[in-house]
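So this block is target-v4.pdb, PDB, C-alpha atoms, pLDDT in the B column:
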```pdb
ATOM      1  CA  MET A 592     118.922  85.802 134.167  1.00 65.00           C
ATOM      2  CA  LYS A 593     118.665  89.586 134.078  1.00 78.00           C
ATOM      3  CA  ASN A 594     115.354  91.379 134.365  1.00 93.00           C
ATOM      4  CA  LEU A 595     115.431  93.994 131.629  1.00 95.00           C
ATOM      5  CA  GLU A 596     113.277  97.023 131.010  1.00 97.00           C
ATOM      6  CA  TYR A 597     112.856  98.192 127.445  1.00 97.00           C
ATOM      7  CA  LYS A 598     112.423 101.694 126.018  1.00 98.00           C
ATOM      8  CA  VAL A 599     111.480 102.560 122.438  1.00 98.00           C
ATOM      9  CA  VAL A 600     111.882 106.090 121.109  1.00 98.00           C
ATOM     10  CA  GLU A 601     110.034 106.856 117.870  1.00 98.00           C
ATOM     11  CA  LEU A 602     111.524 109.553 115.672  1.00 98.00           C
ATOM     12  CA  SER A 603     109.549 111.017 112.784  1.00 97.00           C
ATOM     13  CA  ILE A 604     112.422 113.354 111.848  1.00 96.00           C
ATOM     14  CA  VAL A 605     115.338 111.090 110.976  1.00 97.00           C
ATOM     15  CA  THR A 606     118.558 113.089 110.914  1.00 96.00           C
ATOM     16  CA  ASP A 607     121.907 112.533 112.570  1.00 96.00           C
ATOM     17  CA  GLU A 608     121.141 115.385 114.967  1.00 98.00           C
ATOM     18  CA  GLU A 609     117.794 113.918 116.063  1.00 98.00           C
ATOM     19  CA  LEU A 610     119.299 110.451 116.494  1.00 98.00           C
ATOM     20  CA  GLU A 611     122.150 111.901 118.574  1.00 98.00           C
ATOM     21  CA  LYS A 612     119.696 113.827 120.779  1.00 98.00           C
ATOM     22  CA  ALA A 613     117.570 110.745 121.424  1.00 98.00           C
ATOM     23  CA  ILE A 614     120.548 108.479 122.126  1.00 98.00           C
ATOM     24  CA  ASN A 615     122.402 110.966 124.358  1.00 98.00           C
ATOM     25  CA  SER A 616     119.272 111.760 126.350  1.00 98.00           C
ATOM     26  CA  ALA A 617     118.445 108.101 127.052  1.00 98.00           C
ATOM     27  CA  VAL A 618     122.060 107.127 127.833  1.00 98.00           C
ATOM     28  CA  LYS A 619     122.261 109.956 130.398  1.00 98.00           C
ATOM     29  CA  GLN A 620     119.190 108.393 132.064  1.00 97.00           C
ATOM     30  CA  GLY A 621     120.964 105.025 132.389  1.00 97.00           C
ATOM     31  CA  TRP A 622     119.615 103.295 129.276  1.00 98.00           C
ATOM     32  CA  ALA A 623     121.876 101.239 126.993  1.00 98.00           C
ATOM     33  CA  LEU A 624     121.449 101.469 123.225  1.00 98.00           C
ATOM     34  CA  GLU A 625     120.291  98.145 121.765  1.00 98.00           C
ATOM     35  CA  GLY A 626     119.673  99.128 118.163  1.00 98.00           C
ATOM     36  CA  ILE A 627     117.964 101.324 115.621  1.00 98.00           C
ATOM     37  CA  HIS A 628     115.282 100.224 113.166  1.00 98.00           C
ATOM     38  CA  PHE A 629     114.328 102.361 110.192  1.00 97.00           C
ATOM     39  CA  ALA A 630     110.967 102.490 108.395  1.00 96.00           C
ATOM     40  CA  MET A 631     111.562 103.313 104.750  1.00 95.00           C
ATOM     41  CA  ARG A 632     109.429 105.050 102.134  1.00 89.00           C
ATOM     42  CA  GLU A 633     109.104 103.374  98.763  1.00 89.00           C
ATOM     43  CA  ALA A 634     109.842 106.523  96.772  1.00 89.00           C
ATOM     44  CA  SER A 635     112.787 107.742  98.856  1.00 89.00           C
ATOM     45  CA  LYS A 636     116.158 106.520 100.010  1.00 89.00           C
ATOM     46  CA  ARG A 637     115.724 108.409 103.314  1.00 90.00           C
ATOM     47  CA  PRO A 638     113.933 106.711 106.193  1.00 94.00           C
ATOM     48  CA  ALA A 639     110.441 107.948 107.045  1.00 95.00           C
ATOM     49  CA  MET A 640     110.818 107.030 110.734  1.00 97.00           C
ATOM     50  CA  ALA A 641     113.301 105.530 113.148  1.00 98.00           C
ATOM     51  CA  PHE A 642     112.732 103.443 116.263  1.00 98.00           C
ATOM     52  CA  VAL A 643     115.622 103.638 118.725  1.00 98.00           C
ATOM     53  CA  LEU A 644     115.694 100.726 121.188  1.00 98.00           C
ATOM     54  CA  PHE A 645     117.207 100.808 124.675  1.00 98.00           C
ATOM     55  CA  THR A 646     117.445  98.474 127.669  1.00 98.00           C
ATOM     56  CA  LYS A 647     118.442  98.687 131.304  1.00 97.00           C
ATOM     57  CA  GLU A 648     118.347  96.320 134.241  1.00 93.00           C
ATOM     58  CA  ALA A 649     115.084  96.499 136.176  1.00 88.00           C
TER      59      ALA A 649
END
```
Would you give me this structure, written as structure tokens?
Amino acid sequence: MKNLEYKVVELSIVTDEELEKAINSAVKQGWALEGIHFAMREASKRPAMAFVLFTKEA
């Protein structure tokens, strides 16, 4: 079984540019993208926040 480390990046500005910056920065550091979770506002179709999840072997 692999020992994994986890990294969560919280973004309060959710745009394609900000997501790309966060993903590219972490991948360059050896992290693998696991997924993205969005926190939505009731009154808007745009996400209020995003949590970008990464893993790498410990």
Exercise for the section: Run the PyMOL selection byres ((chain A and resi 602-616) around 7) against the file shown and list the residues it catches, as a PyMOL selection string. Expected result: chain A and resi 600-601+617-620+638-642
Problem - Point-to-point distance from atom CA of Asn594 of chain A to atom CA of Leu624 of chain A, Å rounded to tenths - result: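 Separation between atom CA of Asn594 of chain A and atom CA of Leu624 of chain A: 16.2 Å.
Our summary of the geometry notes that atom CA of Tyr597 of chain A is positioned 26.4 Å from atom CA of Arg632 of chain A.
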Fill in the blank from the handout: From atom CA of Ala630 of chain A to atom CA of Lys647 of chain A the spacing works out at 24.4 Å
Handout entry: Who sits within 7 Å of Phe645 of chain A, only C-alpha atoms, same chain under 5 positions skipped, as a ChimeraX atom specification
Key = /A:597-599,622-625
Kindly provide, as JSON, the centre and edge lengths (Å, one decimal) of an axis-aligned box around all atoms of segment 619-636 of chain A given in the file, with 8 Å on each side.
```
{"center_x": 115.7, "center_y": 104.1, "center_z": 114.6, "size_x": 29.2, "size_y": 27.8, "size_z": 51.6}
```
Problem - Selection under test: the PyMOL selection byres ((chain A and resi 649) around 6); residues as a list in words - result: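 Given this file, the PyMOL selection byres ((chain A and resi 649) around 6) evaluates to Asn594, Leu595, Glu596 and Glu648 of chain A.
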